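Everything on this sheet refers to the single structure shown next.
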Amino acid sequence: MWLSIAILPAAIIGKESNIFSHGLVEDGIKIDDRVTLKTGVKVVEGSIIGDDVSIGPNSVFSNETHPRFKQYPDKCLYVHIEKDSSIGSMLVF
C-alpha cells in the first residue's frame with residue numbers, strides 16, 4: 001500500500017505534531033506543537049493551528065467564500081484554530 005502526505009516547503013510544523021496519510025499542508029501555514037491531523041486532512045494557505053489541536057479524519061479547510069474554476073481571488077480568508085481545540089469526528093468514552 002502506498003501512502004502519501006503533501007507538505008509544501010513554506011509550511012511551518014511544530015514539535016511533536018503528527019500528520020497522517022493522504023493529507024495536504026499548503027505553503028503559508030503555521031502548525032504549532034503537539035497537533036494531530038488525522039488521515040485525509042487538507043489545510044489551506046494562511047491557516048494557523050494552535051498548540052494541542054486535534055483535527056479528525058477527512059476534515060477540509062477552505063480559504064475562499066465562493067471558489068470558482070481558474071478564478072483566483074485577490075485576497076483569501078485566514079483560518080485560525082485556537083489551542084486545545086478539536087475538530088471533526090472524535091470518539092469519546
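Residues in the C-alpha cells are named by chain (A, B, ... in the order shown) and by number from 1 within that chain; ligands are numbered from 1 in the order shown.
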Q: Please provide the set of residues having any atom within 8 Å of Ser47 in chain A, restricted to only C-alpha atoms, with same-chain residues fewer than 4 positions apart removed, written as a list in words.
A: Gly28, Ile29, Lys30, Val43, Tyr78, Val79, His80 and Ile81 of chain A
Writer output for current selection, N, CA and C atoms, as a tab-separated table (two decimals), in the first residue's frame:
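Result written to part.tsv:
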```tsv
chain	number	residue	atom	x	y	z
A	28	GLY	N	2.55	28.63	3.64
A	28	GLY	CA	1.98	29.73	4.41
A	28	GLY	C	1.14	29.27	5.58
A	29	ILE	N	1.39	28.07	6.08
A	29	ILE	CA	0.64	27.52	7.21
A	29	ILE	C	1.56	27.43	8.41
A	30	LYS	N	1.02	27.72	9.58
A	30	LYS	CA	1.78	27.55	10.82
A	30	LYS	C	1.02	26.57	11.70
A	43	VAL	N	-5.29	21.26	4.77
A	43	VAL	CA	-5.16	22.56	5.42
A	43	VAL	C	-4.66	23.56	4.39
A	78	TYR	N	-8.35	33.76	6.20
A	78	TYR	CA	-7.41	33.03	7.04
A	78	TYR	C	-8.17	32.21	8.06
A	79	VAL	N	-7.72	31.00	8.28
A	79	VAL	CA	-8.32	30.10	9.25
A	79	VAL	C	-7.41	30.06	10.47
A	80	HIS	N	-7.95	30.36	11.65
A	80	HIS	CA	-7.16	30.31	12.87
A	80	HIS	C	-7.88	29.41	13.87
A	81	ILE	N	-7.24	28.29	14.20
A	81	ILE	CA	-7.80	27.34	15.17
A	81	ILE	C	-7.07	27.57	16.50
```
Q) Skipping near chain neighbours, those fewer than 6 positions away, what residues fall within 10 Å of Leu3 in chain A using only C-alpha atoms, listed as JSON, numbers by chain? A) {"A": [20, 21, 22, 23]}
Name the residues in contact with Thr36 in chain A at a cut-off of 6 Å, using only C-alpha atoms, excluding same-chain residues fewer than 2 positions from it; report them as a CSV table (one decimal) with C-alpha atoms, in the first residue's frame.
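Produced file out-v7.csv, reproduced below:
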```csv
chain,number,residue,atom,x,y,z
A,17,SER,CA,3.0,17.1,15.7
A,18,ASN,CA,1.5,14.1,13.8
A,54,SER,CA,-6.7,17.6,17.1
```
Q: Mind giving me the straight-line distance from CA of Lys38 in chain A to CA of Glu82 in chain A in Å, one decimal?
A: 17.5 Å
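Using only C-alpha atoms, the smallest distance between any of A:Asp33, A:Val53, A:Lys70, A:Ser62 and Gly88 in chain A comes from A:Val53.
Here CA of Glu64 in chain A and CA of Leu77 in chain A stand 6.2 Å from one another.
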Q. Mind pulling up the distance from CA of Asp74 in chain A to CA of Ile5 in chain A?
A. 28.1 Å
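The set of residues in chain A assigned to strand (DSSP E) by DSSP, using only backbone atoms of this structure, is Ile5, Ala6, Ile7, Ile12, Ile13, Asn18, Ile19, Gly23, Leu24, Val25, Lys30, Ile31, Thr36, Leu37, Lys42, Val43, Ile48, Ile49, Ser54, Ile55, His80, Ile81, Ser86 and Ile87 of chain A.
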Write a file of the just-selected residues containing C-alpha atoms, as a short mmCIF file (atom, residue, chain, number, x, y, z; two decimals), in the first residue's frame.
```cif
data_model
loop_
_atom_site.label_atom_id
_atom_site.label_comp_id
_atom_site.auth_asym_id
_atom_site.auth_seq_id
_atom_site.Cartn_x
_atom_site.Cartn_y
_atom_site.Cartn_z
CA ILE A 5 1.40 13.25 2.53
CA ALA A 6 2.00 16.55 0.72
CA ILE A 7 3.70 19.15 2.87
CA ILE A 12 5.91 25.56 9.50
CA ILE A 13 5.24 22.49 11.64
CA ASN A 18 1.50 14.13 13.77
CA ILE A 19 0.26 14.27 10.19
CA GLY A 23 -3.00 14.82 3.97
CA LEU A 24 -2.20 18.18 2.39
CA VAL A 25 -0.46 21.05 4.16
CA LYS A 30 1.78 27.55 10.82
CA ILE A 31 1.10 24.41 12.84
CA THR A 36 -2.65 15.88 15.24
CA LEU A 37 -4.01 15.91 11.69
CA LYS A 42 -6.43 19.28 3.96
CA VAL A 43 -5.16 22.56 5.42
CA ILE A 48 -2.79 28.91 11.84
CA ILE A 49 -3.32 25.93 14.13
CA SER A 54 -6.72 17.56 17.12
CA ILE A 55 -8.36 17.54 13.67
CA HIS A 80 -7.16 30.31 12.87
CA ILE A 81 -7.80 27.34 15.17
CA SER A 86 -10.88 19.56 18.47
CA ILE A 87 -12.45 19.49 15.01
#
```
Q.
Let me make sure I understand: among A:Gly50, A:Thr39, A:Gly14, A:Asp27, which one has the smallest atom-to-atom distance to Ser85 in chain A if we use only C-alpha atoms?
A. A:Gly50
